[in-house]
$ cat coords26.cif   # mmCIF, C-alpha atoms
data_work
loop_
_atom_site.label_atom_id
_atom_site.label_comp_id
_atom_site.auth_asym_id
_atom_site.auth_seq_id
_atom_site.Cartn_x
_atom_site.Cartn_y
_atom_site.Cartn_z
CA MET O 247 172.01 81.16 49.95
CA THR O 248 172.51 84.87 50.33
CA GLY O 249 175.78 86.63 51.05
CA ASN O 250 178.86 85.36 52.76
CA PRO O 251 178.49 81.85 54.26
CA ILE O 252 180.59 82.86 57.28
CA TYR O 253 178.12 85.68 58.00
CA GLU O 254 175.15 83.33 57.73
CA PHE O 255 176.88 80.73 59.87
CA ALA O 256 177.77 83.24 62.61
CA LEU O 257 174.13 84.38 62.59
CA ARG O 258 172.94 80.80 63.06
CA MET O 259 175.23 80.22 66.03
CA GLY O 260 174.51 83.65 67.53
CA ASP O 261 170.74 83.55 66.99
CA ASN O 262 170.54 80.12 68.65
CA CYS O 263 172.24 81.57 71.72
CA LEU O 264 170.21 84.78 71.67
CA ILE O 265 166.76 83.20 71.34
CA LEU O 266 167.45 80.46 73.87
CA GLY O 267 169.15 82.90 76.25
CA GLN O 268 166.23 85.33 76.06
CA ASN O 269 163.65 82.56 76.61
CA VAL O 270 165.57 81.06 79.53
CA SER O 271 166.09 84.45 81.17
CA ALA O 272 162.30 84.78 81.53
CA TRP O 273 162.56 82.19 84.35
CA CYS O 274 164.59 84.56 86.51
CA GLY O 275 162.61 84.93 89.73
CA HIS O 276 160.09 82.20 88.77
CA ALA O 277 161.99 78.90 88.92
CA PRO O 278 160.68 76.09 91.14
CA VAL O 279 163.67 76.22 93.55
CA LEU O 280 166.29 78.87 94.31
CA GLU O 281 169.24 76.84 92.98
CA GLU O 282 167.47 76.36 89.67
CA ASP O 283 166.60 80.02 89.47
CA ILE O 284 170.29 80.85 89.79
CA ALA O 285 171.31 78.12 87.36
CA LEU O 286 168.81 79.25 84.72
CA ALA O 287 169.92 82.87 85.03
CA ASN O 288 173.58 81.82 84.76
CA VAL O 289 172.96 79.69 81.68
CA ALA O 290 171.02 82.55 80.09
CA LEU O 291 173.87 84.93 80.89
CA ASP O 292 176.45 82.63 79.28
CA LEU O 293 174.27 82.34 76.19
CA ILE O 294 173.83 86.10 75.89
CA GLY O 295 177.61 86.51 76.28
CA GLN O 296 178.14 84.01 73.48
CA THR O 297 175.53 85.86 71.42
CA ARG O 298 177.60 89.02 71.70
CA MET O 299 180.68 87.23 70.34
CA TRP O 300 178.88 85.54 67.43
CA LEU O 301 176.72 88.50 66.39
CA GLY O 302 179.61 90.93 66.84
CA PHE O 303 181.62 88.74 64.50
CA ALA O 304 178.69 88.47 62.05
CA GLY O 305 178.43 92.27 61.93
CA GLU O 306 182.14 92.60 61.14
CA VAL O 307 181.93 90.02 58.37
CA GLU O 308 178.87 91.74 56.91
CA GLY O 309 180.79 95.01 56.84
CA LYS O 310 177.79 97.34 56.94
CA GLY O 311 178.54 98.80 60.35
CA ARG O 312 175.94 96.77 62.26
CA ASN O 313 176.97 95.68 65.74
CA ALA O 314 175.61 92.83 67.89
CA ASP O 315 172.85 95.04 69.34
CA ASP O 316 171.70 96.16 65.89
CA LEU O 317 171.47 92.56 64.75
CA ALA O 318 169.66 91.45 67.90
CA PHE O 319 167.10 94.24 68.16
CA LEU O 320 166.51 95.53 64.65
CA ARG O 321 165.93 92.41 62.57
CA ASP O 322 162.51 90.90 61.84
CA ALA O 323 161.68 87.23 62.42
CA ARG O 324 162.36 86.28 58.78
CA ALA O 325 165.96 87.46 59.16
CA PHE O 326 166.66 85.26 62.18
CA ARG O 327 168.64 82.08 61.56
CA ASN O 328 168.12 80.17 64.79
CA CYS O 329 166.86 76.60 64.72
CA LEU O 330 163.20 75.95 65.54
CA LEU O 331 164.01 74.12 68.78
CA VAL O 332 165.25 77.17 70.70
CA GLU O 333 162.21 79.32 69.86
CA GLN O 334 159.72 76.78 71.26
CA PRO O 335 157.93 78.34 74.27
CA ASN O 336 159.19 77.79 77.81
CA GLY O 337 156.06 75.82 78.78
CA ASP O 338 156.48 74.19 82.17
CA PHE O 339 159.84 73.62 83.84
CA GLY O 340 160.01 70.16 82.22
CA GLN O 341 159.67 71.61 78.74
CA THR O 342 162.26 74.32 79.41
CA LEU O 343 164.67 71.73 80.75
CA MET O 344 164.11 69.26 77.91
CA ARG O 345 164.61 72.02 75.33
CA GLN O 346 167.86 72.91 77.08
CA PHE O 347 169.07 69.31 77.15
CA LEU O 348 168.23 68.71 73.48
CA PHE O 349 170.14 71.88 72.62
CA ASP O 350 173.13 71.34 74.94
CA ALA O 351 173.64 67.77 73.66
CA TRP O 352 174.20 69.30 70.20
CA HIS O 353 175.83 72.58 71.20
CA HIS O 354 178.68 71.03 73.17
CA PRO O 355 180.03 68.62 70.49
CA MET O 356 179.37 71.27 67.82
CA LEU O 357 181.50 73.87 69.63
CA LYS O 358 184.16 71.28 70.36
CA ALA O 359 184.44 70.57 66.65
CA LEU O 360 184.34 74.27 65.72
CA ALA O 361 187.23 74.99 68.08
CA GLY O 362 189.37 73.27 65.42
CA SER O 363 187.92 75.36 62.58
CA ALA O 364 190.25 76.81 59.95
CA ASN O 365 188.53 80.18 60.44
CA VAL O 366 190.44 81.74 63.35
CA ARG O 367 187.55 83.80 64.69
CA VAL O 368 185.11 80.89 64.57
CA ALA O 369 187.69 78.76 66.40
CA GLU O 370 188.29 81.43 69.06
CA VAL O 371 184.61 81.97 69.86
CA ALA O 372 184.04 78.21 69.96
CA GLU O 373 187.06 77.63 72.20
CA LYS O 374 185.66 80.19 74.65
CA SER O 375 182.07 78.93 74.51
CA VAL O 376 182.70 75.19 74.72
CA LYS O 377 183.76 75.36 78.35
CA GLU O 378 180.50 77.05 79.29
CA ALA O 379 178.50 74.62 77.18
CA ALA O 380 180.12 71.72 79.05
CA TYR O 381 178.63 72.96 82.33
CA HIS O 382 175.25 73.53 80.68
CA LEU O 383 175.20 69.97 79.37
CA ASP O 384 176.34 68.61 82.71
CA ARG O 385 173.43 70.29 84.48
CA SER O 386 170.70 69.52 81.95
CA THR O 387 171.84 65.88 81.70
CA GLY O 388 171.71 65.40 85.46
CA LEU O 389 168.26 66.96 85.76
CA VAL O 390 166.76 65.07 82.82
CA ILE O 391 167.83 61.81 84.49
CA ARG O 392 166.56 62.81 87.93
CA LEU O 393 163.21 64.10 86.74
CA GLY O 394 162.69 61.43 84.07
CA ASP O 395 163.46 58.69 86.56
CA GLY O 396 161.70 60.58 89.35
CA SER O 397 158.07 60.70 90.49
CA ASP O 398 155.17 59.80 88.19
CA GLU O 399 154.40 63.50 87.86
CA SER O 400 157.94 64.51 86.88
CA HIS O 401 158.33 61.50 84.58
CA ASN O 402 155.11 62.28 82.74
CA ARG O 403 156.02 65.92 82.29
CA MET O 404 159.48 65.06 80.95
CA GLN O 405 158.03 62.46 78.57
CA ALA O 406 155.42 64.97 77.32
CA ALA O 407 158.19 67.50 76.75
CA LEU O 408 160.29 64.99 74.83
CA ASP O 409 157.26 63.96 72.73
CA GLY O 410 156.65 67.59 71.83
CA LEU O 411 160.24 68.68 71.16
CA TRP O 412 162.01 65.71 69.58
CA ARG O 413 160.66 66.64 66.13
CA TYR O 414 162.75 69.83 66.20
CA THR O 415 166.10 68.09 66.77
CA GLY O 416 166.74 66.94 63.20
CA GLU O 417 167.42 70.51 62.12
CA LEU O 418 170.35 70.76 64.54
CA TYR O 419 172.57 68.36 62.69
CA ALA O 420 171.10 68.61 59.18
CA THR O 421 173.89 70.46 57.36
CA ASP O 422 173.52 72.48 54.17
CA ALA O 423 175.87 74.40 51.87
CA ILE O 424 176.40 77.17 54.45
CA ASP O 425 177.37 74.80 57.24
CA GLU O 426 179.60 72.87 54.89
CA ALA O 427 181.36 76.00 53.68
CA VAL O 428 182.42 76.64 57.27
CA ILE O 429 182.75 73.24 58.83
CA GLY O 430 183.49 70.93 55.93
CA ARG O 431 182.03 67.47 55.67
CA GLY O 432 183.32 65.95 58.86
CA PHE O 433 180.12 66.73 60.69
CA SER O 434 178.20 63.53 60.29
CA ALA O 435 180.08 62.65 63.47
CA ILE O 436 177.99 65.26 65.35
CA GLU O 437 174.74 63.57 64.33
CA GLU O 438 176.08 60.23 65.47
CA GLN O 439 177.32 61.63 68.78
CA TYR O 440 174.02 63.42 69.31
CA LYS O 441 171.91 60.32 68.75
CA ASN O 442 174.18 58.11 70.85
CA TYR O 443 174.36 60.54 73.74
CA THR O 444 170.66 61.42 73.88
CA SER O 445 169.53 57.79 73.62
CA LYS O 446 171.94 56.74 76.38
CA ILE O 447 170.68 59.51 78.70
CA PHE O 448 167.00 58.86 77.88
CA ASP O 449 167.53 55.18 78.71
CA GLU O 450 168.91 56.19 82.07
CA ALA O 451 166.04 58.65 82.52
CA THR O 452 163.45 55.94 81.63
CA LEU O 453 162.17 58.19 78.83
CA THR O 454 161.21 57.00 75.36
CA ILE O 455 162.15 58.77 72.13
CA PRO O 456 159.01 59.15 69.96
CA GLU O 457 158.70 56.65 67.13
CA ALA O 458 157.64 59.20 64.52
CA THR O 459 160.72 60.20 62.53
CA PHE O 460 159.43 63.37 60.81
CA MET O 461 161.66 66.35 61.59
CA HIS O 462 160.63 70.00 61.19
CA LYS O 463 163.08 72.34 59.49
CA GLY O 464 163.16 75.94 58.37
CA GLY O 465 164.64 78.09 61.13
CA LYS O 466 168.14 78.07 59.69
CA SER O 467 166.81 79.67 56.50
CA GLY O 468 164.46 82.11 58.26
CA LEU O 469 161.18 80.15 58.21
CA HIS O 470 160.04 80.19 61.81
CA SER O 471 157.18 79.00 63.98
CA GLU O 472 154.72 81.56 65.32
CA ALA O 473 156.39 81.58 68.75
CA LEU O 474 159.37 83.57 67.47
CA GLY O 475 157.41 86.66 66.36
CA ALA O 476 155.70 87.10 69.73
CA MET O 477 158.94 86.61 71.59
CA LEU O 478 160.80 89.12 69.39
CA ALA O 479 158.03 91.69 69.87
CA ASP O 480 158.62 91.46 73.60
CA MET O 481 162.41 91.53 73.30
CA GLN O 482 162.68 94.30 70.73
CA ILE O 483 159.91 96.71 71.70
CA LEU O 484 162.11 99.23 73.48
CA GLN O 485 164.65 99.63 70.68
CA ARG O 486 161.86 99.65 68.08
CA SER O 487 159.75 102.26 69.90
CA HIS O 488 162.69 104.47 70.87
CA PRO O 489 165.35 103.91 68.19
CA GLY O 490 168.85 104.48 69.50
CA ALA O 491 167.69 104.69 73.12
CA GLN O 492 170.51 104.30 75.62
CA TRP O 493 170.48 103.91 79.38
CA MET X 213 201.15 113.21 68.87
CA ALA X 214 201.01 113.57 72.61
CA THR X 215 203.68 111.72 74.53
CA LEU X 216 203.22 110.12 77.91
CA ALA X 217 203.42 112.64 80.74
CA ILE X 218 205.35 110.14 82.83
CA ASN X 219 207.62 107.34 81.79
CA PRO X 220 206.56 104.10 83.50
CA SER X 221 208.25 100.80 82.74
CA ILE X 222 206.18 97.77 81.81
CA LYS X 223 207.00 96.43 85.27
CA ASP X 224 205.60 99.61 86.89
CA ILE X 225 202.34 99.18 84.99
CA TRP X 226 202.02 95.55 86.05
CA SER X 227 202.51 96.61 89.66
CA TRP X 228 199.72 99.23 89.30
CA LEU X 229 197.42 96.52 87.98
CA GLU X 230 198.24 94.30 90.93
CA ASP X 231 196.30 96.82 93.02
CA VAL X 232 193.14 96.48 90.90
CA PRO X 233 190.76 94.12 92.75
CA ASP X 234 188.28 91.85 91.07
CA PRO X 235 184.91 93.65 91.42
CA GLU X 236 183.10 90.52 92.67
CA ILE X 237 185.88 88.98 94.77
CA PRO X 238 187.87 91.95 96.07
CA VAL X 239 190.45 89.87 97.97
CA VAL X 240 192.20 88.97 94.71
CA SER X 241 193.49 91.19 91.92
CA VAL X 242 192.73 91.01 88.23
CA VAL X 243 196.40 90.11 87.68
CA GLU X 244 196.29 87.21 90.15
CA LEU X 245 193.18 85.87 88.43
CA GLY X 246 195.01 85.75 85.11
CA ILE X 247 192.63 88.21 83.47
CA VAL X 248 195.42 90.61 82.38
CA ARG X 249 197.22 88.87 79.52
CA ASP X 250 199.61 91.54 78.32
CA VAL X 251 200.85 95.05 78.98
CA ALA X 252 202.52 97.08 76.24
CA ARG X 253 203.33 100.71 75.64
CA ASN X 254 204.47 102.94 72.87
CA GLU X 255 205.44 106.62 72.77
CA SER X 256 201.96 107.90 73.49
CA SER X 257 199.80 105.18 74.99
CA ILE X 258 199.51 102.11 77.17
CA ILE X 259 197.79 99.02 75.85
CA VAL X 260 196.44 96.43 78.26
CA THR X 261 195.15 93.15 76.88
CA ILE X 262 192.55 91.35 78.98
CA THR X 263 190.59 88.15 78.52
CA PRO X 264 187.02 87.57 79.73
CA THR X 265 186.47 84.87 82.36
CA TYR X 266 182.94 83.87 81.30
CA SER X 267 181.61 85.31 78.05
CA GLY X 268 178.57 86.92 79.69
CA CYS X 269 180.16 87.93 82.98
CA PRO X 270 179.06 91.52 83.76
CA ALA X 271 182.28 92.02 85.76
CA THR X 272 184.32 92.05 82.53
CA THR X 273 183.12 95.54 81.62
CA VAL X 274 183.74 96.79 85.15
CA ILE X 275 187.25 95.28 85.11
CA ALA X 276 188.10 97.13 81.89
CA ILE X 277 186.93 100.42 83.42
CA ASP X 278 188.80 99.77 86.69
CA ILE X 279 192.04 99.04 84.85
CA GLU X 280 191.71 102.16 82.75
CA GLN X 281 191.06 104.30 85.83
CA ALA X 282 193.95 102.75 87.76
CA ILE X 283 196.38 103.68 85.02
CA ARG X 284 194.92 107.16 84.60
CA ARG X 285 195.35 107.74 88.31
CA HIS X 286 199.09 107.46 87.73
CA GLY X 287 198.91 110.32 85.25
CA VAL X 288 198.64 108.43 81.97
CA GLU X 289 195.84 109.74 79.74
CA ASP X 290 195.92 107.47 76.73
CA VAL X 291 194.97 103.95 77.79
CA ARG X 292 193.67 101.32 75.45
CA ILE X 293 192.05 98.07 76.61
CA GLU X 294 192.04 95.22 74.14
CA THR X 295 190.18 91.94 74.52
CA LYS X 296 191.67 88.62 73.54
CA LEU X 297 189.56 85.45 73.42
CA SER X 298 192.20 82.85 72.67
CA PRO X 299 193.73 81.08 74.47
CA ALA X 300 190.52 80.99 76.51
CA TRP X 301 190.81 81.95 80.15
CA THR X 302 191.30 79.04 82.50
CA THR X 303 191.29 78.78 86.28
CA ASP X 304 194.72 77.13 85.96
CA TRP X 305 196.04 80.69 85.48
CA ILE X 306 194.97 81.77 88.97
CA THR X 307 198.14 82.14 91.05
CA PRO X 308 198.76 79.85 94.08
CA GLY X 309 198.79 82.94 96.31
CA ALA X 310 195.35 83.95 95.07
CA CYS X 311 194.04 80.44 95.73
CA GLU X 312 195.15 80.84 99.36
CA LYS X 313 193.37 84.20 99.57
CA LEU X 314 190.20 82.74 98.08
CA LYS X 315 190.23 79.98 100.67
CA ALA X 316 190.76 82.43 103.54
CA TYR X 317 187.81 84.43 102.13
CA GLY X 318 185.59 81.34 102.32
CA ILE X 319 185.65 80.32 98.66
CA ALA X 320 187.07 76.88 97.83
CA PRO X 321 189.75 77.48 95.17
CA PRO X 322 189.59 75.63 91.83
CA GLU X 323 191.11 72.17 91.76
CA LYS X 324 194.26 72.51 89.66
CA GLY X 325 194.43 70.65 86.42
CA ALA X 326 190.73 69.82 86.58
CA ALA X 327 189.88 72.71 84.24
CA CYS X 328 186.78 71.76 82.38
CA ALA X 329 187.61 70.87 78.80
CA GLY X 330 184.45 68.94 78.24
CA ALA X 331 185.03 66.21 80.81
CA LEU X 332 181.49 65.84 82.00
CA ARG X 333 180.20 64.80 85.37
CA ALA X 334 183.71 64.27 86.68
CA GLY X 335 183.84 63.33 90.35
CA THR X 336 186.52 65.70 91.66
CA THR X 337 186.65 66.00 95.45
CA ILE X 338 186.15 69.60 96.57
CA HIS X 339 187.47 70.50 100.01
CA CYS X 340 185.56 72.67 102.46
CA PRO X 341 187.35 76.04 102.84
CA ARG X 342 186.45 76.14 106.56
CA CYS X 343 187.26 72.68 107.92
CA ASP X 344 189.20 71.14 104.99
CA SER X 345 186.93 68.11 104.89
CA GLY X 346 186.59 66.35 101.55
CA ASN X 347 183.17 65.10 102.62
CA THR X 348 181.25 67.68 100.58
CA GLU X 349 178.42 67.66 98.06
CA CYS X 350 177.54 69.80 95.08
CA ILE X 351 174.21 71.58 95.51
CA SER X 352 174.33 73.34 92.15
CA GLN X 353 176.89 73.75 89.37
CA PHE X 354 175.86 77.40 89.30
CA GLY X 355 176.28 79.90 92.10
CA SER X 356 176.24 83.57 93.00
CA THR X 357 178.48 84.51 90.05
CA PRO X 358 179.15 82.68 86.76
CA CYS X 359 182.52 81.42 88.03
CA LYS X 360 181.22 79.72 91.16
CA ALA X 361 179.36 76.53 92.06
CA HIS X 362 177.38 75.97 95.22
CA TYR X 363 178.57 73.29 97.68
CA ARG X 364 177.82 72.05 101.17
CA CYS X 365 180.18 70.50 103.71
CA LYS X 366 178.70 67.35 105.23
CA ASP X 367 181.03 67.50 108.24
CA CYS X 368 180.85 71.12 109.44
CA LEU X 369 177.49 71.58 107.65
CA GLU X 370 178.48 74.98 106.22
CA PRO X 371 177.39 75.87 102.70
CA PHE X 372 180.19 77.38 100.60
CA ASP X 373 181.10 78.66 97.15
CA TYR X 374 183.49 76.70 94.97
CA PHE X 375 185.43 78.62 92.33
CA LYS X 376 184.82 76.00 89.68
CA SER X 377 187.54 74.62 87.45
CA PHE X 378 187.17 76.11 84.01
#
$ encode --input "coords26.cif" --output "structure tokens"
Amino acid sequence: MTGNPIYEFALRMGDNCLILGQNVSAWCGHAPVLEEDIALANVALDLIGQTRMWLGFAGEVEGKGRNADDLAFLRDARAFRNCLLVEQPNGDFGQTLMRQFLFDAWHHPMLKALAGSANVRVAEVAEKSVKEAAYHLDRSTGLVIRLGDGSDESHNRMQAALDGLWRYTGELYATDAIDEAVIGRGFSAIEEQYKNYTSKIFDEATLTIPEATFMHKGGKSGLHSEALGAMLADMQILQRSHPGAQW
Amino acid sequence: MATLAINPSIKDIWSWLEDVPDPEIPVVSVVELGIVRDVARNESSIIVTITPTYSGCPATTVIAIDIEQAIRRHGVEDVRIETKLSPAWTTDWITPGACEKLKAYGIAPPEKGAACAGALRAGTTIHCPRCDSGNTECISQFGSTPCKAHYRCKDCLEPFDYFKSF
């Protein structure tokens, strides 16, 4: 562990929102139907707004004068603390949606619990974000059920997405010393809620959770999959090529 | 230290802010929407505390600028805008008068007391702002701005925006 656990924790929360928000925003103008295009852009916007709160807070805790933009655009992949799930590529619409659902199903109960945190700033940001996360979860839940229990084509795509992404979910609720310094030990409840909720929805969606139980980890400590580097290159190129550029 | 050129009361300042429209929904003011949380002043400056509606809503920045300009127009130079996250903004703070204006503008106002605190997939009946029918369906939880959902009336067949409970 390096530095202040609150700083590391705020980075984790903020980087999750940033990387997922940036990936989801790439759908703007490309979604399969207009309503989904608008929904994806709105979800991305909420996530980027939440990023600003978490990374702004992280910068204050760090105390080196870095703001949210500095942290977003001027760090290398190794310095990012997002979980591996959110950096997985958009793939097809099914994969984007499944990634969103697997994240939302964790994000919502996590924020709900953090709203009661002893750290006032953590509690404030969580209190603000949890209402947005509730709508995200509502949407992704409804769509996972409709597409999972839909046509053969949509079912197969959703099942393929679940098969590919489930292995990244263990990292969401696996806590370490940093998480525990901020959220205490009461968080085994999140894992239980996560497993109960996802299995209930997958039942309804006629989707099957893969039998293999191996879970990938590493993102929270800066060890990322190759997808993150390419995505950051795209996101950061302007600030890296023209440092301090404003428009 | 410079002192204020004029000497407005807190009540005066609130009344100035009542003339600042929401940039996306200009029929209602930022005060009616519950975005302005506090107005204070000292010898030299006016401090307005606002709260964001949605964390990523681009209108928040515009609202801060509009408020600052509205106060400057009355001759006050030193205006400070502060942002407060907690308690988080809720549609329950929108005034009854503003709800009427929203409806007249074609936006179904938020159902009171249904503010979303994590109650998922709740089946609240949303009434059509044009014909008042409760026979409506949700097309998408997300609409033209972060605060709105997209609905359709199954009686008069008009699509409409719903200012969603939050």
$ interface_residues --input "coords26.cif" --of "chain X" --to "chain O" --cutoff "12 Å" --atoms "all atoms listed in the file" --output "ChimeraX atom specification"
/X:263-273,295-303,327-335,350-363,376-378
$ atom_distance --input "coords26.cif" --atom1 "atom CA of Asp425 of chain O" --atom2 "atom CA of Ala359 of chain O"
12.5 Å
$ resolve_selection --input "coords26.cif" --expression "the PyMOL selection byres ((chain O and resi 468) around 7)" --output "number ranges by chain"
O: 324-327, 464-467, 469-470
$ atom_distance --input "coords26.cif" --atom1 "atom CA of Tyr414 of chain O" --atom2 "atom CA of Cys329 of chain O"
8.1 Å
$ resolve_selection --input "coords26.cif" --expression "the PyMOL selection byres ((chain O and resi 334-343) around 7)" --output "list of chain:residue names"
O:Asn269, O:Leu330, O:Leu331, O:Val332, O:Glu333, O:Met344, O:Arg345, O:Gln346, O:Phe347, O:Ser386, O:Arg403, O:Met404, O:Ala407, O:Ala473
$ resolve_selection --input "coords26.cif" --expression "the PyMOL selection byres ((chain X and resi 317) around 10)" --output "mmCIF file with C-alpha atoms, in the coordinates of the input"
data_model
loop_
_atom_site.group_PDB
_atom_site.id
_atom_site.type_symbol
_atom_site.label_atom_id
_atom_site.label_comp_id
_atom_site.auth_asym_id
_atom_site.auth_seq_id
_atom_site.Cartn_x
_atom_site.Cartn_y
_atom_site.Cartn_z
ATOM 1 C CA ILE X 237 185.880 88.980 94.770
ATOM 2 C CA PRO X 238 187.870 91.950 96.070
ATOM 3 C CA VAL X 239 190.450 89.870 97.970
ATOM 4 C CA VAL X 240 192.200 88.970 94.710
ATOM 5 C CA CYS X 311 194.040 80.440 95.730
ATOM 6 C CA GLU X 312 195.150 80.840 99.360
ATOM 7 C CA LYS X 313 193.370 84.200 99.570
ATOM 8 C CA LEU X 314 190.200 82.740 98.080
ATOM 9 C CA LYS X 315 190.230 79.980 100.670
ATOM 10 C CA ALA X 316 190.760 82.430 103.540
ATOM 11 C CA GLY X 318 185.590 81.340 102.320
ATOM 12 C CA ILE X 319 185.650 80.320 98.660
ATOM 13 C CA ALA X 320 187.070 76.880 97.830
ATOM 14 C CA PRO X 341 187.350 76.040 102.840
ATOM 15 C CA ARG X 342 186.450 76.140 106.560
#
$ residues_around --input "coords26.cif" --residues "segment 247-259 of chain O" --least-positions-apart "6" --cutoff "6 Å" --atoms "only C-alpha atoms" --output "JSON, numbers by chain"
{"O": [300, 304, 307, 327, 328, 424]}
$ closest_residue --input "coords26.cif" --among "X:Cys343, X:Ala310, X:Ile293, X:Ile338" --to "Glu323 of chain X" --atoms "only C-alpha atoms"
X:Ile338
$ residues_around --input "coords26.cif" --residues "segment 278-281 of chain X" --least-positions-apart "5" --cutoff "9 Å" --atoms "only C-alpha atoms" --output "VMD selection string"
chain X and resid 228 to 229 232 to 233 235 242 260 273 286 291 to 293
$ atom_distance --input "coords26.cif" --atom1 "atom CA of Trp412 of chain O" --atom2 "atom CA of His276 of chain O"
25.4 Å
$ residues_around --input "coords26.cif" --residues "segment 310-317 of chain O" --least-positions-apart "5" --cutoff "6 Å" --atoms "all atoms listed in the file" --output "list in words"
Arg298, Leu301, Gly302 and Gly305 of chain O
$ residues_around --input "coords26.cif" --residues "Arg253 of chain X" --least-positions-apart "5" --cutoff "8 Å" --atoms "only C-alpha atoms" --output "list in words"
Ile222, Ile258 and Ile259 of chain X
$ axis_aligned_box --input "coords26.cif" --around "segment 218-229 of chain X" --padding-each-side "6 Å" --output "AutoDock Vina command-line options"
--center_x 202.8 --center_y 102.8 --center_z 85.7 --size_x 22.8 --size_y 26.6 --size_z 19.9
$ residues_around --input "coords26.cif" --residues "segment 477-485 of chain O" --least-positions-apart "2" --cutoff "10 Å" --atoms "only C-alpha atoms" --output "MDAnalysis selection string"
chainID O and resid 265 268:269 315:316 318:323 333:335 472:475 487:492
$ closest_residue --input "coords26.cif" --among "X:Glu370, X:Thr261, X:Ser256, X:Pro220" --to "Glu289 of chain X" --atoms "only C-alpha atoms"
X:Ser256
$ decode --input "coords26.cif" --residues "segment 327-332 of chain O" --atoms "all heavy atoms" --output "compact mmCIF listing (two decimals), in the first residue's frame"
# COMPACT_ATOMS: atom_id res chain seq x y z
N ARG O 327 -6.46 2.80 -10.85
CA ARG O 327 -6.89 1.88 -9.80
C ARG O 327 -8.27 1.29 -10.04
O ARG O 327 -8.90 0.78 -9.13
CB ARG O 327 -6.88 2.63 -8.45
CG ARG O 327 -5.50 3.10 -7.99
CD ARG O 327 -4.63 1.92 -7.61
NE ARG O 327 -3.31 2.34 -7.15
CZ ARG O 327 -2.22 2.34 -7.93
NH1 ARG O 327 -2.30 1.98 -9.19
NH2 ARG O 327 -1.05 2.70 -7.44
N ASN O 328 -8.73 1.39 -11.29
CA ASN O 328 -10.04 0.82 -11.61
C ASN O 328 -9.97 -0.70 -11.65
O ASN O 328 -8.92 -1.29 -11.89
CB ASN O 328 -10.53 1.33 -12.97
CG ASN O 328 -9.55 1.02 -14.08
OD1 ASN O 328 -8.55 1.71 -14.23
ND2 ASN O 328 -9.81 -0.04 -14.83
N CYS O 329 -11.12 -1.34 -11.43
CA CYS O 329 -11.17 -2.79 -11.53
C CYS O 329 -11.11 -3.22 -12.99
O CYS O 329 -11.40 -2.43 -13.90
CB CYS O 329 -12.43 -3.31 -10.85
SG CYS O 329 -13.92 -2.69 -11.59
N LEU O 330 -10.72 -4.46 -13.21
CA LEU O 330 -10.51 -4.97 -14.57
C LEU O 330 -11.81 -4.99 -15.38
O LEU O 330 -11.79 -4.82 -16.60
CB LEU O 330 -9.91 -6.38 -14.52
CG LEU O 330 -8.53 -6.47 -13.87
CD1 LEU O 330 -8.13 -7.94 -13.68
CD2 LEU O 330 -7.47 -5.75 -14.70
N LEU O 331 -12.94 -5.19 -14.71
CA LEU O 331 -14.21 -5.30 -15.42
C LEU O 331 -14.48 -4.09 -16.32
O LEU O 331 -14.82 -4.24 -17.49
CB LEU O 331 -15.36 -5.45 -14.41
CG LEU O 331 -16.77 -5.45 -15.03
CD1 LEU O 331 -17.01 -6.71 -15.85
CD2 LEU O 331 -17.84 -5.32 -13.94
N VAL O 332 -14.30 -2.88 -15.77
CA VAL O 332 -14.73 -1.68 -16.50
C VAL O 332 -13.84 -1.37 -17.70
O VAL O 332 -14.25 -0.64 -18.60
CB VAL O 332 -14.82 -0.43 -15.58
CG1 VAL O 332 -15.89 -0.63 -14.53
CG2 VAL O 332 -13.48 -0.10 -14.95
